[in-house]
Amino acid sequence: GRAPRSGSSRPDPILDPDNVYADSLDHLSVIRALDAWPETAGDSSVTVGVVDTGIYFDHPDLAGQFWRNPDESRSGTDEDGNGYVDDVTGYDFVDRPNVVGAGDFQNRDPDPSPDSLGPFSGHGTAVAGVIAADANDRTAGVVGVAPKTEIVPLRAFGGDGRGQTDDIAAAIVYGAQQGVDVLNLSFGRDRATPLLEDAIEFAVDQGTVVVASAGNAGAVDDPHYPSDYPEVISVVW
């Protein structure tokens with residue numbers, strides 16, 4: 001089960017008109033998030049798993065935005081019996097023992113923060129910010145589309161921006177087994193893989209909504225996966 005986050009209520013407006021970044025957040029108007037916020041800006045009972053390069057926990061606009069596993073602690077044991085030791089706030093599924101980047105581990109581990117030296121290390125943090133950033137400083141912070149939701153960091157990509165299919169699939173399956181409401185997949189390539197499709201089908205069968213980027217080329221007819229799988233909500237930007 002998930003416990004609501006306490007102390008998360010903040011004064012309106014969500015995006016302060018004096019925010020120095022307000023004119024850089026025009027996508028919020030494009031997708032009509034500003035119109036939706038009077039109805040809902042998300043809820044702490046809704047979790048979004050971000051399968052990506054990891055997330056910087058110390059980013060000020062993401063402070064207090066992370067889901068915590070209520071059945072696990074940093075004890076060195078698998079208290080909730082799900083097969084993952086110390087998975088208090090997501091997990092790191094990157095497992096590339098023959099290609100270890102500086103600052104990274106050889107094996108999967110309970111720290112889903114990125115390795116800080118890779119050129120793509122900040123990608124997951126940027127994606128998490130688009131989803132659920134909630135600026136502590138109302139005049140100088142980024143605001144996400146649904147700032148009242150909670151983020152589950154699921155690291156499956158290295159700081160070099162590369163991810164192995166088995167790591168990505170493991171992250172998706174873990175998220176679904178934890179009851180994550182939405183899985184965000186902001187990556188893709190031109191080839192389908194049965195393992196990834198099976199993982200997505202499993203997640204959807206568990207009731208998880210899977211959303212994926214359609215790529216950075218706009219509305220084109222070229223194959224792009226996982227966004228082309230029929231179970232996935234494909235998002236074009």
# chains A, B, ... in the order shown; residues from 1 in each chain; ligands from 1
>>> residues_around(residues="A:Val143", least_positions_apart="3", cutoff="6 Å", atoms="only C-alpha atoms", output="short mmCIF file (atom, residue, chain, number, x, y, z; two decimals) with C-alpha atoms, in the first residue's frame")
data_model
loop_
_atom_site.label_atom_id
_atom_site.label_comp_id
_atom_site.auth_asym_id
_atom_site.auth_seq_id
_atom_site.Cartn_x
_atom_site.Cartn_y
_atom_site.Cartn_z
CA ALA A 133 8.74 18.82 -10.38
CA ASP A 134 7.31 20.95 -7.58
CA ALA A 135 9.51 23.99 -7.10
#
>>> residues_around(residues="A:Ser29", least_positions_apart="6", cutoff="12 Å", atoms="only C-alpha atoms", output="mmCIF file with N, CA, C and O atoms, in the first residue's frame")
data_model
loop_
_atom_site.group_PDB
_atom_site.id
_atom_site.type_symbol
_atom_site.label_atom_id
_atom_site.label_comp_id
_atom_site.auth_asym_id
_atom_site.auth_seq_id
_atom_site.Cartn_x
_atom_site.Cartn_y
_atom_site.Cartn_z
ATOM 1 N N LEU A 15 2.155 27.404 -10.591
ATOM 2 C CA LEU A 15 3.218 28.101 -11.306
ATOM 3 C C LEU A 15 3.072 29.589 -11.039
ATOM 4 O O LEU A 15 2.182 30.251 -11.570
ATOM 5 N N ALA A 22 9.015 30.796 -15.952
ATOM 6 C CA ALA A 22 7.656 30.617 -16.451
ATOM 7 C C ALA A 22 7.588 30.660 -17.974
ATOM 8 O O ALA A 22 6.863 29.880 -18.603
ATOM 9 N N ASP A 23 8.359 31.558 -18.596
ATOM 10 C CA ASP A 23 8.285 31.675 -20.058
ATOM 11 C C ASP A 23 8.991 30.525 -20.766
ATOM 12 O O ASP A 23 8.905 30.410 -21.993
ATOM 13 N N ASP A 35 -4.987 24.634 -17.457
ATOM 14 C CA ASP A 35 -6.449 24.538 -17.365
ATOM 15 C C ASP A 35 -6.875 23.366 -16.493
ATOM 16 O O ASP A 35 -7.937 23.403 -15.855
ATOM 17 N N ALA A 36 -6.060 22.317 -16.473
ATOM 18 C CA ALA A 36 -6.413 21.118 -15.710
ATOM 19 C C ALA A 36 -6.135 21.259 -14.220
ATOM 20 O O ALA A 36 -6.804 20.634 -13.392
ATOM 21 N N TRP A 37 -5.154 22.065 -13.853
ATOM 22 C CA TRP A 37 -4.728 22.147 -12.453
ATOM 23 C C TRP A 37 -5.828 22.547 -11.471
ATOM 24 O O TRP A 37 -5.820 22.059 -10.334
ATOM 25 N N GLY A 144 6.403 20.590 -12.873
ATOM 26 C CA GLY A 144 6.019 19.498 -13.745
ATOM 27 C C GLY A 144 4.538 19.512 -14.078
ATOM 28 O O GLY A 144 3.769 20.309 -13.532
ATOM 29 N N VAL A 145 4.135 18.601 -14.945
ATOM 30 C CA VAL A 145 2.736 18.513 -15.368
ATOM 31 C C VAL A 145 1.842 18.093 -14.208
ATOM 32 O O VAL A 145 0.736 18.595 -14.045
#
>>> atom_distance(atom1="atom CA of A:Gly141", atom2="atom CA of A:Val211")
25.4 Å
>>> select_by_dssp(residues="chain A", states="helix (DSSP H, G or I)", output="PyMOL selection string")
chain A and resi 22-24+27-30+33-36+60-62+123-132+165-177+194-205
>>> residues_around(residues="stretch 47-62 of chain A", least_positions_apart="4", cutoff="8 Å", atoms="only C-alpha atoms", output="CSV table (one decimal) with all heavy atoms, in the first residue's frame")
chain,number,residue,atom,x,y,z
A,66,PHE,N,9.5,11.8,-4.2
A,66,PHE,CA,9.8,10.4,-4.5
A,66,PHE,C,9.0,9.5,-3.6
A,66,PHE,O,8.7,9.7,-2.4
A,66,PHE,CB,11.3,10.2,-4.2
A,66,PHE,CG,12.2,10.9,-5.1
A,66,PHE,CD1,12.9,12.1,-4.7
A,66,PHE,CD2,12.3,10.5,-6.4
A,66,PHE,CE1,13.7,12.8,-5.5
A,66,PHE,CE2,13.2,11.2,-7.3
A,66,PHE,CZ,13.8,12.4,-6.8
A,67,TRP,N,8.5,8.4,-4.2
A,67,TRP,CA,7.8,7.3,-3.5
A,67,TRP,C,8.8,6.6,-2.6
A,67,TRP,O,10.0,6.5,-3.0
A,67,TRP,CB,7.3,6.4,-4.6
A,67,TRP,CG,6.9,5.0,-4.1
A,67,TRP,CD1,5.7,4.7,-3.6
A,67,TRP,CD2,7.7,3.8,-4.1
A,67,TRP,NE1,5.6,3.3,-3.3
A,67,TRP,CE2,6.9,2.8,-3.6
A,67,TRP,CE3,9.0,3.5,-4.5
A,67,TRP,CZ2,7.3,1.5,-3.5
A,67,TRP,CZ3,9.4,2.2,-4.4
A,67,TRP,CH2,8.6,1.2,-3.9
A,92,ASP,N,18.3,0.3,-9.1
A,92,ASP,CA,19.2,0.4,-10.2
A,92,ASP,C,19.3,-0.9,-10.9
A,92,ASP,O,19.9,-1.9,-10.3
A,92,ASP,CB,20.5,1.0,-9.7
A,92,ASP,CG,21.5,1.1,-10.8
A,92,ASP,OD1,21.2,0.8,-12.0
A,92,ASP,OD2,22.7,1.5,-10.5
A,112,PRO,N,19.3,4.2,-7.3
A,112,PRO,CA,18.9,4.5,-8.6
A,112,PRO,C,19.3,5.9,-9.1
A,112,PRO,O,18.8,6.4,-10.1
A,112,PRO,CB,17.4,4.4,-8.6
A,112,PRO,CG,17.0,4.8,-7.3
A,112,PRO,CD,18.1,4.3,-6.4
A,113,SER,N,20.3,6.5,-8.4
A,113,SER,CA,20.8,7.8,-8.8
A,113,SER,C,21.8,7.5,-10.0
A,113,SER,O,22.4,6.5,-10.1
A,113,SER,CB,21.4,8.5,-7.7
A,113,SER,OG,22.5,7.8,-7.1
A,114,PRO,N,22.0,8.5,-10.9
A,114,PRO,CA,22.8,8.3,-12.0
A,114,PRO,C,24.3,8.3,-11.6
A,114,PRO,O,24.7,8.9,-10.6
A,114,PRO,CB,22.5,9.4,-12.9
A,114,PRO,CG,21.9,10.5,-12.0
A,114,PRO,CD,21.3,9.8,-10.9
A,120,PHE,N,24.9,11.6,-20.5
A,120,PHE,CA,23.4,11.6,-20.5
A,120,PHE,C,22.9,11.4,-19.1
A,120,PHE,O,21.7,11.0,-18.9
A,120,PHE,CB,22.9,10.5,-21.4
A,120,PHE,CG,23.1,10.7,-22.8
A,120,PHE,CD1,24.3,10.2,-23.5
A,120,PHE,CD2,22.3,11.5,-23.6
A,120,PHE,CE1,24.5,10.4,-24.8
A,120,PHE,CE2,22.5,11.7,-24.9
A,120,PHE,CZ,23.6,11.2,-25.6
A,121,SER,N,23.8,11.6,-18.1
A,121,SER,CA,23.4,11.3,-16.7
A,121,SER,C,22.1,12.1,-16.2
A,121,SER,O,21.4,11.6,-15.4
A,121,SER,CB,24.6,11.6,-15.8
A,121,SER,OG,25.6,10.7,-16.0
A,122,GLY,N,22.0,13.3,-16.7
A,122,GLY,CA,20.9,14.1,-16.3
A,122,GLY,C,19.5,13.9,-17.0
A,122,GLY,O,18.5,14.5,-16.6
A,123,HIS,N,19.5,12.9,-17.9
A,123,HIS,CA,18.3,12.7,-18.7
A,123,HIS,C,17.1,12.3,-17.8
A,123,HIS,O,16.0,12.9,-17.9
A,123,HIS,CB,18.5,11.7,-19.8
A,123,HIS,CG,17.4,11.6,-20.8
A,123,HIS,ND1,16.4,10.7,-20.6
A,123,HIS,CD2,17.1,12.2,-22.0
A,123,HIS,CE1,15.5,10.8,-21.6
A,123,HIS,NE2,16.0,11.7,-22.5
A,124,GLY,N,17.3,11.3,-17.0
A,124,GLY,CA,16.3,10.9,-16.1
A,124,GLY,C,15.7,11.9,-15.2
A,124,GLY,O,14.5,12.0,-14.9
A,125,THR,N,16.6,12.8,-14.7
A,125,THR,CA,16.2,13.9,-13.8
A,125,THR,C,15.4,14.9,-14.5
A,125,THR,O,14.4,15.4,-14.0
A,125,THR,CB,17.5,14.6,-13.2
A,125,THR,OG1,18.2,13.6,-12.5
A,125,THR,CG2,17.1,15.7,-12.2
A,127,VAL,N,13.5,14.3,-17.2
A,127,VAL,CA,12.2,13.6,-17.5
A,127,VAL,C,11.3,13.7,-16.2
A,127,VAL,O,10.1,14.0,-16.3
A,127,VAL,CB,12.4,12.2,-18.0
A,127,VAL,CG1,11.1,11.4,-18.0
A,127,VAL,CG2,13.1,12.2,-19.3
A,128,ALA,N,11.9,13.3,-15.1
A,128,ALA,CA,11.2,13.4,-13.8
A,128,ALA,C,10.7,14.8,-13.5
A,128,ALA,O,9.6,14.9,-13.0
A,128,ALA,CB,12.0,12.9,-12.7
A,129,GLY,N,11.5,15.8,-13.9
A,129,GLY,CA,11.1,17.1,-13.6
A,129,GLY,C,9.9,17.5,-14.5
A,129,GLY,O,8.9,18.2,-14.1
A,132,ALA,N,6.9,15.7,-12.7
A,132,ALA,CA,6.4,16.0,-11.3
A,132,ALA,C,7.2,17.0,-10.5
A,132,ALA,O,7.1,17.0,-9.3
A,132,ALA,CB,6.3,14.7,-10.5
A,133,ALA,N,8.0,17.8,-11.1
A,133,ALA,CA,8.7,18.8,-10.4
A,133,ALA,C,7.8,19.7,-9.6
A,133,ALA,O,6.7,20.1,-10.1
A,133,ALA,CB,9.6,19.7,-11.3
A,134,ASP,N,8.1,20.1,-8.4
A,134,ASP,CA,7.3,21.0,-7.6
A,134,ASP,C,8.3,21.9,-6.9
A,134,ASP,O,8.8,21.6,-5.8
A,134,ASP,CB,6.5,20.1,-6.6
A,134,ASP,CG,5.5,20.9,-5.9
A,134,ASP,OD1,5.2,22.1,-6.3
A,134,ASP,OD2,4.9,20.4,-4.9
A,135,ALA,N,8.5,23.1,-7.5
A,135,ALA,CA,9.5,24.0,-7.1
A,135,ALA,C,9.4,24.4,-5.7
A,135,ALA,O,8.3,24.9,-5.2
A,135,ALA,CB,9.5,25.2,-8.0
A,136,ASN,N,10.4,24.3,-4.9
A,136,ASN,CA,10.4,24.8,-3.5
A,136,ASN,C,10.4,26.3,-3.5
A,136,ASN,O,9.8,26.9,-2.6
A,136,ASN,CB,11.7,24.2,-2.8
A,136,ASN,CG,11.5,22.8,-2.4
A,136,ASN,OD1,10.5,22.3,-2.0
A,136,ASN,ND2,12.5,22.0,-2.7
A,141,GLY,N,11.9,28.1,-9.9
A,141,GLY,CA,12.0,26.6,-10.0
A,141,GLY,C,11.1,26.1,-11.1
A,141,GLY,O,10.1,26.8,-11.6
A,142,VAL,N,11.4,24.9,-11.6
A,142,VAL,CA,10.6,24.3,-12.6
A,142,VAL,C,9.4,23.5,-12.0
A,142,VAL,O,9.5,23.0,-10.9
A,142,VAL,CB,11.5,23.3,-13.4
A,142,VAL,CG1,10.7,22.5,-14.4
A,142,VAL,CG2,12.7,24.0,-14.1
A,143,VAL,N,8.3,23.5,-12.8
A,143,VAL,CA,7.1,22.9,-12.3
A,143,VAL,C,6.7,21.8,-13.4
A,143,VAL,O,6.7,22.0,-14.6
A,143,VAL,CB,5.9,23.9,-12.2
A,143,VAL,CG1,4.7,23.1,-11.7
A,143,VAL,CG2,6.3,24.9,-11.1
A,149,THR,N,2.0,14.1,-7.9
A,149,THR,CA,2.3,12.7,-8.0
A,149,THR,C,3.6,12.4,-7.4
A,149,THR,O,4.4,13.3,-7.0
A,149,THR,CB,2.2,12.2,-9.4
A,149,THR,OG1,3.2,13.0,-10.2
A,149,THR,CG2,0.8,12.4,-10.0
A,150,GLU,N,3.9,11.1,-7.2
A,150,GLU,CA,5.2,10.6,-6.7
A,150,GLU,C,6.0,9.8,-7.8
A,150,GLU,O,5.4,9.1,-8.5
A,150,GLU,CB,5.0,9.8,-5.5
A,150,GLU,CG,4.4,10.5,-4.3
A,150,GLU,CD,4.5,9.8,-3.0
A,150,GLU,OE1,4.5,8.5,-3.0
A,150,GLU,OE2,4.5,10.4,-1.9
A,151,ILE,N,7.3,10.0,-7.8
A,151,ILE,CA,8.2,9.4,-8.8
A,151,ILE,C,8.8,8.2,-8.2
A,151,ILE,O,9.3,8.2,-7.0
A,151,ILE,CB,9.2,10.5,-9.2
A,151,ILE,CG1,8.6,11.6,-10.0
A,151,ILE,CG2,10.3,9.8,-10.1
A,151,ILE,CD1,8.0,11.2,-11.3
A,152,VAL,N,8.9,7.1,-9.0
A,152,VAL,CA,9.6,5.9,-8.6
A,152,VAL,C,10.8,5.8,-9.6
A,152,VAL,O,10.6,5.5,-10.7
A,152,VAL,CB,8.8,4.7,-8.7
A,152,VAL,CG1,9.6,3.4,-8.2
A,152,VAL,CG2,7.5,4.8,-7.9
A,153,PRO,N,12.0,6.1,-9.1
A,153,PRO,CA,13.2,6.0,-10.0
A,153,PRO,C,13.6,4.6,-10.3
A,153,PRO,O,13.8,3.8,-9.4
A,153,PRO,CB,14.3,6.7,-9.2
A,153,PRO,CG,13.6,7.4,-8.0
A,153,PRO,CD,12.4,6.6,-7.8
A,154,LEU,N,13.6,4.2,-11.6
A,154,LEU,CA,13.9,2.9,-12.1
A,154,LEU,C,15.1,3.0,-13.1
A,154,LEU,O,14.8,3.3,-14.3
A,154,LEU,CB,12.7,2.2,-12.7
A,154,LEU,CG,11.5,2.1,-11.8
A,154,LEU,CD1,10.3,1.6,-12.6
A,154,LEU,CD2,11.8,1.2,-10.6
A,155,ARG,N,16.3,2.9,-12.6
A,155,ARG,CA,17.4,3.2,-13.5
A,155,ARG,C,17.7,1.9,-14.3
A,155,ARG,O,18.0,0.9,-13.8
A,155,ARG,CB,18.7,3.5,-12.6
A,155,ARG,CG,19.9,3.9,-13.5
A,155,ARG,CD,21.0,4.4,-12.6
A,155,ARG,NE,22.1,4.9,-13.4
A,155,ARG,CZ,23.3,4.2,-13.6
A,155,ARG,NH1,23.5,3.0,-12.9
A,155,ARG,NH2,24.2,4.7,-14.3
A,156,ALA,N,17.7,2.1,-15.6
A,156,ALA,CA,18.0,1.0,-16.6
A,156,ALA,C,19.0,1.4,-17.6
A,156,ALA,O,19.3,0.6,-18.5
A,156,ALA,CB,16.7,0.5,-17.2
A,157,PHE,N,19.5,2.7,-17.6
A,157,PHE,CA,20.4,3.2,-18.6
A,157,PHE,C,21.6,3.7,-17.9
A,157,PHE,O,21.5,4.4,-16.8
A,157,PHE,CB,19.8,4.3,-19.4
A,157,PHE,CG,18.7,3.8,-20.4
A,157,PHE,CD1,17.4,3.5,-19.9
A,157,PHE,CD2,19.0,3.6,-21.7
A,157,PHE,CE1,16.4,3.1,-20.7
A,157,PHE,CE2,18.0,3.2,-22.6
A,157,PHE,CZ,16.7,2.9,-22.1
A,158,GLY,N,22.8,3.6,-18.5
A,158,GLY,CA,24.0,4.2,-18.0
A,158,GLY,C,24.1,5.6,-18.3
A,158,GLY,O,23.3,6.2,-19.1
A,159,GLY,N,25.1,6.3,-17.8
A,159,GLY,CA,25.3,7.7,-18.1
A,159,GLY,C,25.7,7.9,-19.5
A,159,GLY,O,25.7,9.1,-20.0
A,161,GLY,N,23.9,6.8,-21.9
A,161,GLY,CA,22.6,6.8,-22.6
A,161,GLY,C,22.2,5.5,-23.2
A,161,GLY,O,21.2,5.4,-23.8
A,168,ILE,N,16.2,-3.1,-18.9
A,168,ILE,CA,14.9,-2.3,-19.1
A,168,ILE,C,13.7,-3.1,-18.8
A,168,ILE,O,12.8,-2.7,-18.1
A,168,ILE,CB,14.8,-1.8,-20.6
A,168,ILE,CG1,16.0,-0.9,-20.9
A,168,ILE,CG2,13.5,-1.0,-20.8
A,168,ILE,CD1,16.2,-0.6,-22.4
A,171,ALA,N,13.3,-3.5,-15.1
A,171,ALA,CA,12.8,-2.3,-14.4
A,171,ALA,C,11.3,-2.2,-14.6
A,171,ALA,O,10.6,-1.9,-13.7
A,171,ALA,CB,13.5,-1.1,-15.0
A,172,ILE,N,10.8,-2.6,-15.8
A,172,ILE,CA,9.4,-2.5,-16.1
A,172,ILE,C,8.6,-3.5,-15.3
A,172,ILE,O,7.6,-3.2,-14.7
A,172,ILE,CB,9.2,-2.7,-17.6
A,172,ILE,CG1,9.7,-1.6,-18.4
A,172,ILE,CG2,7.7,-3.0,-17.9
A,172,ILE,CD1,9.7,-1.8,-19.9
A,175,GLY,N,8.5,-2.4,-11.6
A,175,GLY,CA,7.5,-1.3,-11.4
A,175,GLY,C,6.1,-1.9,-11.4
A,175,GLY,O,5.3,-1.5,-10.5
A,180,VAL,N,3.1,0.3,-9.5
A,180,VAL,CA,3.2,1.6,-10.1
A,180,VAL,C,2.0,1.9,-11.0
A,180,VAL,O,1.7,1.0,-11.8
A,180,VAL,CB,4.6,1.7,-10.8
A,180,VAL,CG1,4.6,3.0,-11.6
A,180,VAL,CG2,5.7,1.7,-9.8
A,181,ASP,N,1.5,3.1,-10.9
A,181,ASP,CA,0.3,3.4,-11.7
A,181,ASP,C,0.7,3.7,-13.2
A,181,ASP,O,-0.1,3.3,-14.1
A,181,ASP,CB,-0.4,4.6,-11.2
A,181,ASP,CG,-1.0,4.3,-9.8
A,181,ASP,OD1,-1.9,3.5,-9.7
A,181,ASP,OD2,-0.4,4.9,-8.8
A,182,VAL,N,1.8,4.3,-13.4
A,182,VAL,CA,2.2,4.7,-14.7
A,182,VAL,C,3.7,4.4,-14.9
A,182,VAL,O,4.5,4.7,-13.9
A,182,VAL,CB,2.0,6.2,-15.0
A,182,VAL,CG1,2.4,6.6,-16.4
A,182,VAL,CG2,0.5,6.6,-14.8
A,183,LEU,N,4.1,3.9,-16.0
A,183,LEU,CA,5.5,3.7,-16.3
A,183,LEU,C,5.9,4.7,-17.5
A,183,LEU,O,5.2,4.6,-18.5
A,183,LEU,CB,5.9,2.3,-16.7
A,183,LEU,CG,6.0,1.3,-15.5
A,183,LEU,CD1,6.1,-0.1,-16.1
A,183,LEU,CD2,7.3,1.6,-14.8
A,184,ASN,N,6.9,5.5,-17.3
A,184,ASN,CA,7.3,6.4,-18.4
A,184,ASN,C,8.6,5.9,-19.0
A,184,ASN,O,9.6,5.6,-18.3
A,184,ASN,CB,7.6,7.8,-17.8
A,184,ASN,CG,7.9,8.8,-18.9
A,184,ASN,OD1,7.0,9.4,-19.5
A,184,ASN,ND2,9.2,9.0,-19.1
A,185,LEU,N,8.6,5.8,-20.4
A,185,LEU,CA,9.7,5.2,-21.1
A,185,LEU,C,10.1,6.3,-22.2
A,185,LEU,O,9.6,6.3,-23.3
A,185,LEU,CB,9.3,3.9,-21.8
A,185,LEU,CG,8.5,2.9,-21.0
A,185,LEU,CD1,8.2,1.7,-21.8
A,185,LEU,CD2,9.3,2.5,-19.7
A,186,SER,N,11.0,7.2,-21.8
A,186,SER,CA,11.4,8.2,-22.7
A,186,SER,C,12.7,7.8,-23.4
A,186,SER,O,13.8,8.4,-23.3
A,186,SER,CB,11.7,9.5,-21.9
A,186,SER,OG,10.4,10.1,-21.5
A,187,PHE,N,12.6,6.8,-24.3
A,187,PHE,CA,13.7,6.3,-25.1
A,187,PHE,C,13.1,5.4,-26.2
A,187,PHE,O,11.9,5.2,-26.3
A,187,PHE,CB,14.6,5.4,-24.2
A,187,PHE,CG,13.9,4.3,-23.5
A,187,PHE,CD1,13.7,3.0,-24.1
A,187,PHE,CD2,13.4,4.4,-22.2
A,187,PHE,CE1,13.0,2.0,-23.5
A,187,PHE,CE2,12.7,3.4,-21.5
A,187,PHE,CZ,12.5,2.2,-22.2
>>> residues_around(residues="A:Pro226", least_positions_apart="6", cutoff="12 Å", atoms="only C-alpha atoms", output="compact mmCIF listing (two decimals) with C-alpha atoms, in the first residue's frame")
# COMPACT_ATOMS: atom_id res chain seq x y z
CA THR A 165 17.02 -4.88 -23.03
CA ILE A 168 14.94 -2.28 -19.13
CA ALA A 169 12.57 -5.25 -18.98
CA ILE A 172 9.39 -2.50 -16.11
CA LEU A 183 5.53 3.75 -16.34
CA ASN A 184 7.31 6.41 -18.37
CA LEU A 185 9.69 5.23 -21.13
CA SER A 186 11.43 8.23 -22.70
CA PHE A 187 13.67 6.26 -25.06
CA GLY A 188 13.45 4.16 -28.17
CA ARG A 189 14.97 2.55 -31.22
CA ASP A 190 13.87 1.21 -34.61
CA ARG A 191 13.80 -2.51 -33.71
CA ALA A 192 11.24 -4.46 -31.71
CA THR A 193 12.41 -6.93 -29.08
CA PRO A 194 10.19 -9.76 -27.76
CA LEU A 195 11.56 -9.46 -24.22
CA LEU A 196 10.66 -5.79 -23.96
CA GLU A 197 7.22 -6.38 -25.44
CA ASP A 198 6.59 -9.22 -22.99
CA ALA A 199 7.57 -6.97 -20.07
CA ILE A 200 5.22 -4.24 -21.27
CA GLU A 201 2.37 -6.71 -21.75
CA VAL A 210 2.70 2.49 -20.05
CA VAL A 211 3.63 5.74 -21.80
CA ALA A 212 6.55 6.06 -24.23
CA SER A 213 8.18 8.77 -26.26
CA ALA A 214 7.63 8.52 -30.02
CA GLY A 215 11.12 9.91 -30.54
CA VAL A 232 1.70 1.67 -25.14
CA ILE A 233 0.44 5.25 -25.18
CA SER A 234 2.75 6.93 -27.70
CA VAL A 235 3.55 10.59 -27.07
>>> closest_residue(among="A:Ala146, A:Ser45, A:Thr139, A:Ser227", to="A:Ile31", atoms="only C-alpha atoms")
A:Ala146
>>> atom_distance(atom1="atom CA of A:Asp26", atom2="atom CA of A:Ala63")
22.9 Å
>>> select_by_dssp(residues="stretch 7-129 of chain A", states="strand (DSSP E)", output="PyMOL selection string")
chain A and resi 47-52+91-92
>>> closest_residue(among="A:Asp16, A:Asp111, A:Ser44, A:Gly64", to="A:Asp87", atoms="only C-alpha atoms")
A:Asp111
>>> atom_distance(atom1="atom CA of A:Asp43", atom2="atom CA of A:Gln178")
17.5 Å
